[in-house]
Structures are given as C-alpha cells and as structure tokens.
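Reviewing the structure listed below.
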Amino acid sequence: MTFTLEGPVLEGGRVRLEPLGHRHAADLAVAAQEDRGSYGYTWVPGAGEVARYIDAQLARAAAGKLAPYAQVDRRTGRPVGATAYWDPRLWPDGERLCAIEVGFTWLAASAQGTGLNTEAKYLLFRHAFEEWEVARLDLKTDARNSRSRAAIESTGARLEGVLRNWSRSWAPGEDGRLRDSAIFSVTEREWPAARARMEERLARFAPA
C-alpha cells in the first residue's frame, strides 16, 4: 500500500496539534494580529488572509504534499499558531516514508518563549521517527533568520549548509527575490540524543 501523508492529532502537556481546518480560522486571525515584529523573514497571514491561507494549506494536503496543523494552547483551548509536516519522500518501494520536513511554522507573539514551540517540535519529531520510522527529518529557514536558526538548533538538529537562492524571500521589500535557506536535519541515529535534549529543555519551562 502506498504511503499517504496524514497527520494525526498529537497531544502534549502544553500544546495539542490538530489537523488544520476552517474551525481554527477566527482564533488564528486573532493570533496573527498580535505583535508581528518577529515575522520579518516568515510569511504569516494577516487577519483577512487566514481563510485563504487555510484553503491553500488544505489544497496542498489534498495533493499529498502537506499535513497542516493548528497549534492549540491547552491552557485556553485556542489556536495560537500553525505548523506542518511537508515534502514527504518515500523509499523506492513507494510504500514507506523515508524522510519528511517540518515547516510552515508560526506562533502568536504571546506563545513564543513559553515552551509551546519546543513541545510541538518534540511531538512532530517523535511521531515521525517512532511511528513512521523515517530515516531523516528536515527543517529550513531563511539563512538570515537568527531567531529561527537558534530555535531549530535547540532541538538538536544539525546545520547541513546554506542553499543559495533556494526559495522565495518573505522579507519586507524583497518581493520577487529569492532567499538563501539554511537547512538542518536530524537522522534516525541522532533522534535518541535529540529526544533527550528536547525533553530536558521542556523540563526547564514552568509547568503547563
């Protein structure tokens, strides 16, 4: 049977990752309109763009390219951001997943630095390695985005290099230009150490 990319609900102490749908639109619009100062290198929909954003993500999901999630803060029960599995690559037999990327991630300003993002990554990584048994997991960001790079590195992912002129730039004033992308990965052999590192990091945050 050919592998089909479908992301199940993933639940932690701080965050519940729910398959993205239009039921999340109103709360995501509120989340996206908080302080947007940290979105300089990342496209995050404005309040009036959320419905179209969800439509686009669901279209990618229907094409088998993406499994999008709403990040729901368990304290309030409200979505505070989004993330996704995407770009699935299969082994030659077409039946098993070889590698996956985690991306399309953004969080409301009030949810940043709370441990919610760390736990979301932990849940996504754990499912990919322990349920899908992937050989590697990728993450990419604008090479200039030091905040995003630090967050990725905190998971134990390793920088593999910078891909020049790799994808569209989302930086203000750079419409039509390409960005350099820093690519990181975790392999199946590195997952136990990365898991321990994220669990240790999560333990430092205040209880949810």
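We name chains A, B, ... following the order of the structure tokens; residues begin at 1 in each chain, and ligands are numbered from 1 as shown.
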
From a DSSP pass on the backbone, collect the residues of chain A flagged as alpha helix (DSSP H) and hand them back as number ranges by chain.
-> A: 25-32, 50-62, 116-130, 146-153, 191-204

All residues 12 Å or closer to A:Arg16, only C-alpha atoms, same chain fewer than 3 positions away omitted, as a ChimeraX atom specification | /A:8-13,19-20,69-83,116-117,119-124

Point-to-point distance from atom CA of A:Leu202 to atom CA of A:Thr155, Å rounded to tenths = 10.4 Å

Using the chain letters and numbers from this document, which residues of stretch 5-191 of chain A does DSSP assign to strand (DSSP E or B), as an mmCIF file with N, CA and C atoms, in the first residue's frame?
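Here's the written file out37.cif:
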data_model
loop_
_atom_site.group_PDB
_atom_site.id
_atom_site.type_symbol
_atom_site.label_atom_id
_atom_site.label_comp_id
_atom_site.auth_asym_id
_atom_site.auth_seq_id
_atom_site.Cartn_x
_atom_site.Cartn_y
_atom_site.Cartn_z
ATOM 1 N N LEU A 10 -1.854 15.211 17.756
ATOM 2 C CA LEU A 10 -0.702 14.965 18.622
ATOM 3 C C LEU A 10 -0.862 15.844 19.860
ATOM 4 N N GLU A 11 -0.814 15.225 21.033
ATOM 5 C CA GLU A 11 -1.139 15.972 22.248
ATOM 6 C C GLU A 11 -0.015 15.896 23.270
ATOM 7 N N VAL A 15 0.619 21.818 24.410
ATOM 8 C CA VAL A 15 0.050 22.053 23.086
ATOM 9 C C VAL A 15 -0.632 20.803 22.553
ATOM 10 N N ARG A 16 -1.705 21.028 21.823
ATOM 11 C CA ARG A 16 -2.363 19.961 21.085
ATOM 12 C C ARG A 16 -2.304 20.354 19.612
ATOM 13 N N LEU A 17 -1.736 19.480 18.801
ATOM 14 C CA LEU A 17 -1.649 19.721 17.373
ATOM 15 C C LEU A 17 -2.847 19.054 16.709
ATOM 16 N N GLU A 18 -3.726 19.890 16.142
ATOM 17 C CA GLU A 18 -4.933 19.405 15.499
ATOM 18 C C GLU A 18 -4.828 19.624 13.993
ATOM 19 N N PRO A 19 -5.247 18.654 13.168
ATOM 20 C CA PRO A 19 -5.283 18.889 11.729
ATOM 21 C C PRO A 19 -6.011 20.198 11.420
ATOM 22 N N LEU A 66 1.373 17.824 2.083
ATOM 23 C CA LEU A 66 1.387 18.544 3.349
ATOM 24 C C LEU A 66 0.411 17.914 4.325
ATOM 25 N N ALA A 67 0.757 17.955 5.604
ATOM 26 C CA ALA A 67 -0.178 17.624 6.674
ATOM 27 C C ALA A 67 -0.166 18.806 7.634
ATOM 28 N N PRO A 68 -1.083 19.778 7.443
ATOM 29 C CA PRO A 68 -1.044 21.014 8.228
ATOM 30 C C PRO A 68 -1.725 20.881 9.581
ATOM 31 N N TYR A 69 -1.214 21.625 10.545
ATOM 32 C CA TYR A 69 -1.744 21.603 11.909
ATOM 33 C C TYR A 69 -2.028 23.006 12.416
ATOM 34 N N ALA A 70 -3.024 23.106 13.285
ATOM 35 C CA ALA A 70 -3.182 24.257 14.164
ATOM 36 C C ALA A 70 -2.513 23.901 15.485
ATOM 37 N N GLN A 71 -1.778 24.850 16.044
ATOM 38 C CA GLN A 71 -1.164 24.661 17.360
ATOM 39 C C GLN A 71 -2.121 25.241 18.396
ATOM 40 N N VAL A 72 -2.710 24.392 19.202
ATOM 41 C CA VAL A 72 -3.718 24.796 20.173
ATOM 42 C C VAL A 72 -3.104 24.837 21.571
ATOM 43 N N ASP A 73 -3.180 25.991 22.219
ATOM 44 C CA ASP A 73 -2.693 26.148 23.585
ATOM 45 C C ASP A 73 -3.658 25.409 24.507
ATOM 46 N N ARG A 78 -7.405 27.467 22.680
ATOM 47 C CA ARG A 78 -7.459 28.279 21.471
ATOM 48 C C ARG A 78 -6.209 28.093 20.611
ATOM 49 N N PRO A 79 -6.389 28.067 19.289
ATOM 50 C CA PRO A 79 -5.226 28.017 18.394
ATOM 51 C C PRO A 79 -4.388 29.283 18.521
ATOM 52 N N VAL A 80 -3.070 29.104 18.565
ATOM 53 C CA VAL A 80 -2.156 30.246 18.683
ATOM 54 C C VAL A 80 -1.110 30.240 17.571
ATOM 55 N N GLY A 81 -1.248 29.346 16.598
ATOM 56 C CA GLY A 81 -0.290 29.290 15.507
ATOM 57 C C GLY A 81 -0.526 28.062 14.650
ATOM 58 N N ALA A 82 0.414 27.807 13.779
ATOM 59 C CA ALA A 82 0.290 26.686 12.850
ATOM 60 C C ALA A 82 1.657 26.058 12.594
ATOM 61 N N THR A 83 1.636 24.847 12.085
ATOM 62 C CA THR A 83 2.851 24.152 11.676
ATOM 63 C C THR A 83 2.431 23.036 10.727
ATOM 64 N N ALA A 84 3.373 22.270 10.227
ATOM 65 C CA ALA A 84 3.006 21.220 9.267
ATOM 66 C C ALA A 84 4.139 20.231 9.068
ATOM 67 N N TYR A 85 3.758 19.021 8.691
ATOM 68 C CA TYR A 85 4.662 18.105 8.006
ATOM 69 C C TYR A 85 4.536 18.421 6.518
ATOM 70 N N TRP A 86 5.647 18.389 5.797
ATOM 71 C CA TRP A 86 5.513 18.547 4.350
ATOM 72 C C TRP A 86 6.697 17.937 3.626
ATOM 73 N N ASP A 87 6.583 17.921 2.287
ATOM 74 C CA ASP A 87 7.599 17.360 1.403
ATOM 75 C C ASP A 87 7.953 15.923 1.785
ATOM 76 N N PRO A 88 6.975 15.014 1.827
ATOM 77 C CA PRO A 88 7.280 13.613 2.139
ATOM 78 C C PRO A 88 8.074 12.968 1.009
ATOM 79 N N ARG A 89 9.103 12.203 1.371
ATOM 80 C CA ARG A 89 9.885 11.439 0.386
ATOM 81 C C ARG A 89 9.823 9.969 0.767
ATOM 82 N N LEU A 90 9.543 9.135 -0.230
ATOM 83 C CA LEU A 90 9.336 7.717 0.016
ATOM 84 C C LEU A 90 10.560 6.897 -0.371
ATOM 85 N N LEU A 97 7.628 5.752 4.223
ATOM 86 C CA LEU A 97 8.166 7.109 4.259
ATOM 87 C C LEU A 97 9.637 7.072 4.623
ATOM 88 N N CYS A 98 10.455 7.733 3.821
ATOM 89 C CA CYS A 98 11.890 7.798 4.064
ATOM 90 C C CYS A 98 12.269 9.048 4.844
ATOM 91 N N ALA A 99 11.693 10.195 4.453
ATOM 92 C CA ALA A 99 12.062 11.463 5.077
ATOM 93 C C ALA A 99 10.884 12.420 4.999
ATOM 94 N N ILE A 100 10.880 13.391 5.902
ATOM 95 C CA ILE A 100 9.805 14.380 5.977
ATOM 96 C C ILE A 100 10.402 15.684 6.475
ATOM 97 N N GLU A 101 9.746 16.776 6.142
ATOM 98 C CA GLU A 101 10.183 18.088 6.638
ATOM 99 C C GLU A 101 9.126 18.644 7.576
ATOM 100 N N VAL A 102 9.560 19.391 8.572
ATOM 101 C CA VAL A 102 8.664 20.156 9.441
ATOM 102 C C VAL A 102 8.842 21.623 9.083
ATOM 103 N N GLY A 103 7.740 22.277 8.764
ATOM 104 C CA GLY A 103 7.834 23.674 8.355
ATOM 105 C C GLY A 103 6.493 24.368 8.430
ATOM 106 N N PHE A 104 6.375 25.510 7.720
ATOM 107 C CA PHE A 104 5.170 26.336 7.755
ATOM 108 C C PHE A 104 4.792 26.684 9.198
ATOM 109 N N THR A 105 5.787 26.956 10.025
ATOM 110 C CA THR A 105 5.548 27.159 11.452
ATOM 111 C C THR A 105 5.496 28.641 11.801
ATOM 112 N N TRP A 106 4.471 29.029 12.546
ATOM 113 C CA TRP A 106 4.418 30.370 13.140
ATOM 114 C C TRP A 106 3.593 30.315 14.414
ATOM 115 N N LEU A 107 3.893 31.253 15.298
ATOM 116 C CA LEU A 107 3.198 31.342 16.581
ATOM 117 C C LEU A 107 2.878 32.789 16.907
ATOM 118 N N ARG A 136 15.248 10.409 8.192
ATOM 119 C CA ARG A 136 15.697 11.766 8.489
ATOM 120 C C ARG A 136 14.500 12.701 8.508
ATOM 121 N N LEU A 137 14.709 13.809 9.197
ATOM 122 C CA LEU A 137 13.720 14.874 9.273
ATOM 123 C C LEU A 137 14.439 16.180 8.985
ATOM 124 N N ASP A 138 13.841 17.030 8.147
ATOM 125 C CA ASP A 138 14.463 18.282 7.718
ATOM 126 C C ASP A 138 13.737 19.484 8.299
ATOM 127 N N LEU A 139 14.476 20.579 8.411
ATOM 128 C CA LEU A 139 13.903 21.884 8.724
ATOM 129 C C LEU A 139 14.697 22.924 7.939
ATOM 130 N N LYS A 140 14.018 23.952 7.431
ATOM 131 C CA LYS A 140 14.693 25.021 6.699
ATOM 132 C C LYS A 140 14.205 26.378 7.174
ATOM 133 N N THR A 141 15.065 27.385 7.048
ATOM 134 C CA THR A 141 14.677 28.751 7.369
ATOM 135 C C THR A 141 15.535 29.716 6.572
ATOM 136 N N ASP A 142 15.085 30.956 6.466
ATOM 137 C CA ASP A 142 15.901 31.993 5.837
ATOM 138 C C ASP A 142 17.236 32.042 6.562
ATOM 139 N N ARG A 158 21.009 19.453 13.216
ATOM 140 C CA ARG A 158 22.334 19.894 12.771
ATOM 141 C C ARG A 158 22.240 20.703 11.485
ATOM 142 N N LEU A 159 23.001 21.775 11.427
ATOM 143 C CA LEU A 159 23.074 22.572 10.211
ATOM 144 C C LEU A 159 23.860 21.801 9.151
ATOM 145 N N GLU A 160 23.255 21.608 8.000
ATOM 146 C CA GLU A 160 23.930 20.915 6.904
ATOM 147 C C GLU A 160 24.568 21.882 5.917
ATOM 148 N N GLY A 161 24.054 23.097 5.872
ATOM 149 C CA GLY A 161 24.610 24.078 4.955
ATOM 150 C C GLY A 161 23.572 25.101 4.554
ATOM 151 N N VAL A 162 23.966 26.002 3.666
ATOM 152 C CA VAL A 162 23.076 27.045 3.171
ATOM 153 C C VAL A 162 22.864 26.831 1.678
ATOM 154 N N LEU A 163 21.606 26.727 1.276
ATOM 155 C CA LEU A 163 21.236 26.559 -0.118
ATOM 156 C C LEU A 163 20.975 27.944 -0.704
ATOM 157 N N ARG A 164 21.813 28.363 -1.620
ATOM 158 C CA ARG A 164 21.746 29.723 -2.144
ATOM 159 C C ARG A 164 20.619 29.891 -3.152
ATOM 160 N N ASN A 165 19.936 31.042 -3.053
ATOM 161 C CA ASN A 165 18.807 31.331 -3.955
ATOM 162 C C ASN A 165 17.835 30.155 -4.013
ATOM 163 N N TRP A 166 17.469 29.649 -2.852
ATOM 164 C CA TRP A 166 16.717 28.395 -2.779
ATOM 165 C C TRP A 166 15.214 28.568 -2.932
ATOM 166 N N SER A 167 14.660 29.607 -2.317
ATOM 167 C CA SER A 167 13.207 29.756 -2.359
ATOM 168 C C SER A 167 12.832 31.222 -2.203
ATOM 169 N N ARG A 168 11.565 31.478 -2.347
ATOM 170 C CA ARG A 168 11.059 32.851 -2.294
ATOM 171 C C ARG A 168 11.388 33.530 -0.980
ATOM 172 N N LEU A 178 14.785 35.860 -4.344
ATOM 173 C CA LEU A 178 14.998 34.565 -3.711
ATOM 174 C C LEU A 178 15.848 34.719 -2.463
ATOM 175 N N ARG A 179 15.641 33.831 -1.526
ATOM 176 C CA ARG A 179 16.416 33.847 -0.292
ATOM 177 C C ARG A 179 17.410 32.696 -0.282
ATOM 178 N N ASP A 180 18.437 32.815 0.549
ATOM 179 C CA ASP A 180 19.304 31.695 0.887
ATOM 180 C C ASP A 180 18.650 30.965 2.060
ATOM 181 N N SER A 181 18.588 29.646 1.988
ATOM 182 C CA SER A 181 17.939 28.858 3.034
ATOM 183 C C SER A 181 18.951 28.021 3.799
ATOM 184 N N ALA A 182 18.931 28.126 5.107
ATOM 185 C CA ALA A 182 19.751 27.268 5.965
ATOM 186 C C ALA A 182 18.982 25.977 6.194
ATOM 187 N N ILE A 183 19.611 24.843 5.892
ATOM 188 C CA ILE A 183 18.928 23.559 6.031
ATOM 189 C C ILE A 183 19.531 22.764 7.189
ATOM 190 N N PHE A 184 18.643 22.237 8.017
ATOM 191 C CA PHE A 184 19.013 21.453 9.189
ATOM 192 C C PHE A 184 18.371 20.072 9.077
ATOM 193 N N SER A 185 18.924 19.114 9.805
ATOM 194 C CA SER A 185 18.323 17.779 9.791
ATOM 195 C C SER A 185 18.615 17.046 11.090
ATOM 196 N N VAL A 186 17.779 16.051 11.342
ATOM 197 C CA VAL A 186 18.004 15.053 12.386
ATOM 198 C C VAL A 186 17.867 13.699 11.698
ATOM 199 N N THR A 187 18.821 12.808 11.907
ATOM 200 C CA THR A 187 18.730 11.468 11.339
ATOM 201 C C THR A 187 18.222 10.489 12.393
#

Could you check how far atom CA of A:Thr2 sits from atom CA of A:Gly64, in Å to one decimal?
->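 Interatomic distance here is 11.4 Å.
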
Which is closer to A:Trp91 than all the others in A:Ala25, A:Ala135, A:Ala151, A:Met198, using only C-alpha atoms?
-> A:Ala135

Near A:Trp170, within 6 Å and counting only C-alpha atoms, which residues show up once chain neighbours fewer than 6 positions away are dropped, as number ranges by chain?
-> A: 41-43

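For the atom pair formed by atom CA of A:Arg52 and atom CA of A:Asp35, the distance is 21.2 Å, given to one decimal.
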
Counting only C-alpha atoms, which of A:Gly21, A:Gly156, A:Pro92, A:Gly173 gets nearest to A:Tyr53?
->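 Ranking A:Gly21, A:Gly156, A:Pro92, A:Gly173 by distance to A:Tyr53, first place goes to A:Gly21.
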
Using only C-alpha atoms, which of the listed residues (A:Gly37, A:Thr4, A:Thr114, A:Ala26) sits closest to A:Ala63?
->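 Looking only at the distances to A:Ala63, the closest residue turns out to be A:Thr4.
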
Tell me, as a ChimeraX atom specification, which residues lie within 7 Å of A:Ala32, counting only C-alpha atoms; anything in the same chain fewer than 3 positions away does not count.
-> /A:28-29,44-47,108

Any chance you could export the current selection's N, CA, C and O atoms as an mmCIF file, in the first residue's frame?
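Written file, out_27.cif:
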data_model
loop_
_atom_site.group_PDB
_atom_site.id
_atom_site.type_symbol
_atom_site.label_atom_id
_atom_site.label_comp_id
_atom_site.auth_asym_id
_atom_site.auth_seq_id
_atom_site.Cartn_x
_atom_site.Cartn_y
_atom_site.Cartn_z
ATOM 1 N N LEU A 28 -7.017 31.897 14.832
ATOM 2 C CA LEU A 28 -5.738 32.143 14.161
ATOM 3 C C LEU A 28 -5.643 33.584 13.682
ATOM 4 O O LEU A 28 -4.561 34.184 13.692
ATOM 5 N N ALA A 29 -6.757 34.168 13.266
ATOM 6 C CA ALA A 29 -6.755 35.574 12.861
ATOM 7 C C ALA A 29 -6.379 36.467 14.037
ATOM 8 O O ALA A 29 -5.605 37.423 13.888
ATOM 9 N N VAL A 44 3.336 35.234 7.520
ATOM 10 C CA VAL A 44 2.249 34.872 8.418
ATOM 11 C C VAL A 44 1.010 35.610 7.935
ATOM 12 O O VAL A 44 1.063 36.823 7.702
ATOM 13 N N PRO A 45 -0.114 34.919 7.742
ATOM 14 C CA PRO A 45 -1.296 35.591 7.195
ATOM 15 C C PRO A 45 -1.808 36.676 8.124
ATOM 16 O O PRO A 45 -1.759 36.541 9.349
ATOM 17 N N GLY A 46 -2.287 37.761 7.537
ATOM 18 C CA GLY A 46 -2.999 38.756 8.313
ATOM 19 C C GLY A 46 -4.399 38.259 8.603
ATOM 20 O O GLY A 46 -4.838 37.218 8.081
ATOM 21 N N ALA A 47 -5.144 39.014 9.414
ATOM 22 C CA ALA A 47 -6.476 38.567 9.813
ATOM 23 C C ALA A 47 -7.368 38.299 8.607
ATOM 24 O O ALA A 47 -8.118 37.319 8.586
ATOM 25 N N ALA A 108 1.767 33.002 17.591
ATOM 26 C CA ALA A 108 1.450 34.317 18.124
ATOM 27 C C ALA A 108 2.576 34.772 19.049
ATOM 28 O O ALA A 108 3.237 33.955 19.707
#

Which residues are close to A:Ser154, i.e. within 10 Å by only C-alpha atoms, leaving aside same-chain residues fewer than 3 positions away? Reply as a PDB file with all heavy atoms, in the first residue's frame.
ATOM      1  N   THR A 118       8.689  24.306  21.405  1.00  0.00           N
ATOM      2  CA  THR A 118       9.579  23.172  21.670  1.00  0.00           C
ATOM      3  C   THR A 118       8.779  21.881  21.776  1.00  0.00           C
ATOM      4  O   THR A 118       9.158  20.852  21.211  1.00  0.00           O
ATOM      5  CB  THR A 118      10.375  23.405  22.959  1.00  0.00           C
ATOM      6  OG1 THR A 118      11.182  24.575  22.816  1.00  0.00           O
ATOM      7  CG2 THR A 118      11.281  22.219  23.273  1.00  0.00           C
ATOM      8  N   SER A 148      15.069  32.067  14.260  1.00  0.00           N
ATOM      9  CA  SER A 148      14.587  30.761  13.825  1.00  0.00           C
ATOM     10  C   SER A 148      15.702  29.732  13.853  1.00  0.00           C
ATOM     11  O   SER A 148      15.495  28.575  14.267  1.00  0.00           O
ATOM     12  CB  SER A 148      14.003  30.866  12.412  1.00  0.00           C
ATOM     13  OG  SER A 148      13.567  29.615  11.944  1.00  0.00           O
ATOM     14  N   ARG A 149      16.887  30.122  13.435  1.00  0.00           N
ATOM     15  CA  ARG A 149      18.006  29.180  13.439  1.00  0.00           C
ATOM     16  C   ARG A 149      18.320  28.710  14.848  1.00  0.00           C
ATOM     17  O   ARG A 149      18.588  27.530  15.085  1.00  0.00           O
ATOM     18  CB  ARG A 149      19.231  29.822  12.782  1.00  0.00           C
ATOM     19  CG  ARG A 149      19.082  29.990  11.289  1.00  0.00           C
ATOM     20  CD  ARG A 149      20.262  30.673  10.643  1.00  0.00           C
ATOM     21  NE  ARG A 149      21.485  29.869  10.722  1.00  0.00           N
ATOM     22  CZ  ARG A 149      22.474  29.957   9.855  1.00  0.00           C
ATOM     23  NH1 ARG A 149      22.403  30.826   8.829  1.00  0.00           N
ATOM     24  NH2 ARG A 149      23.546  29.204   9.969  1.00  0.00           N
ATOM     25  N   ALA A 150      18.280  29.625  15.814  1.00  0.00           N
ATOM     26  CA  ALA A 150      18.557  29.247  17.200  1.00  0.00           C
ATOM     27  C   ALA A 150      17.494  28.283  17.721  1.00  0.00           C
ATOM     28  O   ALA A 150      17.807  27.316  18.437  1.00  0.00           O
ATOM     29  CB  ALA A 150      18.619  30.493  18.081  1.00  0.00           C
ATOM     30  N   ALA A 151      16.233  28.529  17.352  1.00  0.00           N
ATOM     31  CA  ALA A 151      15.155  27.642  17.799  1.00  0.00           C
ATOM     32  C   ALA A 151      15.323  26.252  17.212  1.00  0.00           C
ATOM     33  O   ALA A 151      15.108  25.239  17.897  1.00  0.00           O
ATOM     34  CB  ALA A 151      13.802  28.232  17.402  1.00  0.00           C
ATOM     35  N   ALA A 157      18.833  19.551  16.054  1.00  0.00           N
ATOM     36  CA  ALA A 157      19.034  19.426  14.607  1.00  0.00           C
ATOM     37  C   ALA A 157      20.380  20.026  14.224  1.00  0.00           C
ATOM     38  O   ALA A 157      20.842  20.998  14.821  1.00  0.00           O
ATOM     39  CB  ALA A 157      17.911  20.130  13.857  1.00  0.00           C
ATOM     40  N   ARG A 158      21.009  19.453  13.216  1.00  0.00           N
ATOM     41  CA  ARG A 158      22.334  19.894  12.771  1.00  0.00           C
ATOM     42  C   ARG A 158      22.240  20.703  11.485  1.00  0.00           C
ATOM     43  O   ARG A 158      21.506  20.344  10.568  1.00  0.00           O
ATOM     44  CB  ARG A 158      23.247  18.693  12.533  1.00  0.00           C
ATOM     45  CG  ARG A 158      23.534  17.880  13.783  1.00  0.00           C
ATOM     46  CD  ARG A 158      24.607  16.842  13.494  1.00  0.00           C
ATOM     47  NE  ARG A 158      24.851  15.989  14.643  1.00  0.00           N
ATOM     48  CZ  ARG A 158      25.814  15.068  14.706  1.00  0.00           C
ATOM     49  NH1 ARG A 158      26.608  14.884  13.645  1.00  0.00           N
ATOM     50  NH2 ARG A 158      25.965  14.329  15.777  1.00  0.00           N
ATOM     51  N   ALA A 194      18.565  13.772  20.336  1.00  0.00           N
ATOM     52  CA  ALA A 194      17.711  14.952  20.150  1.00  0.00           C
ATOM     53  C   ALA A 194      16.483  14.868  21.046  1.00  0.00           C
ATOM     54  O   ALA A 194      16.063  15.873  21.643  1.00  0.00           O
ATOM     55  CB  ALA A 194      17.297  15.072  18.686  1.00  0.00           C
ATOM     56  N   ARG A 197      17.470  15.755  24.525  1.00  0.00           N
ATOM     57  CA  ARG A 197      17.750  17.189  24.606  1.00  0.00           C
ATOM     58  C   ARG A 197      16.453  17.995  24.696  1.00  0.00           C
ATOM     59  O   ARG A 197      16.348  18.916  25.505  1.00  0.00           O
ATOM     60  CB  ARG A 197      18.556  17.620  23.379  1.00  0.00           C
ATOM     61  CG  ARG A 197      18.910  19.092  23.347  1.00  0.00           C
ATOM     62  CD  ARG A 197      19.890  19.355  22.229  1.00  0.00           C
ATOM     63  NE  ARG A 197      20.231  20.762  22.141  1.00  0.00           N
ATOM     64  CZ  ARG A 197      21.265  21.239  21.466  1.00  0.00           C
ATOM     65  NH1 ARG A 197      22.080  20.403  20.816  1.00  0.00           N
ATOM     66  NH2 ARG A 197      21.497  22.532  21.416  1.00  0.00           N
ATOM     67  N   MET A 198      15.467  17.648  23.883  1.00  0.00           N
ATOM     68  CA  MET A 198      14.204  18.383  23.934  1.00  0.00           C
ATOM     69  C   MET A 198      13.441  18.115  25.232  1.00  0.00           C
ATOM     70  O   MET A 198      12.820  19.017  25.797  1.00  0.00           O
ATOM     71  CB  MET A 198      13.353  18.045  22.719  1.00  0.00           C
ATOM     72  CG  MET A 198      13.810  18.768  21.464  1.00  0.00           C
ATOM     73  SD  MET A 198      12.618  18.671  20.091  1.00  0.00           S
ATOM     74  CE  MET A 198      13.002  17.048  19.468  1.00  0.00           C
ATOM     75  N   ARG A 201      15.027  20.212  27.810  1.00  0.00           N
ATOM     76  CA  ARG A 201      14.654  21.610  27.619  1.00  0.00           C
ATOM     77  C   ARG A 201      13.225  21.875  28.079  1.00  0.00           C
ATOM     78  O   ARG A 201      12.943  22.883  28.742  1.00  0.00           O
ATOM     79  CB  ARG A 201      14.809  21.974  26.149  1.00  0.00           C
ATOM     80  CG  ARG A 201      14.498  23.418  25.819  1.00  0.00           C
ATOM     81  CD  ARG A 201      14.859  23.729  24.365  1.00  0.00           C
ATOM     82  NE  ARG A 201      14.404  25.053  23.978  1.00  0.00           N
ATOM     83  CZ  ARG A 201      15.012  26.187  24.286  1.00  0.00           C
ATOM     84  NH1 ARG A 201      16.122  26.173  24.994  1.00  0.00           N
ATOM     85  NH2 ARG A 201      14.526  27.358  23.887  1.00  0.00           N
TER      86      ARG A 201
END

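Distances to A:Asn145 were evaluated for A:Ala56, A:Ala111, A:Ala62, A:Ala171 using only C-alpha atoms, and the minimum falls at A:Ala171.
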
Smallest atom-to-atom distance to A:Arg126: which of A:Arg147, A:Arg195, A:Arg177, A:Arg189, using only C-alpha atoms?
-> A:Arg195
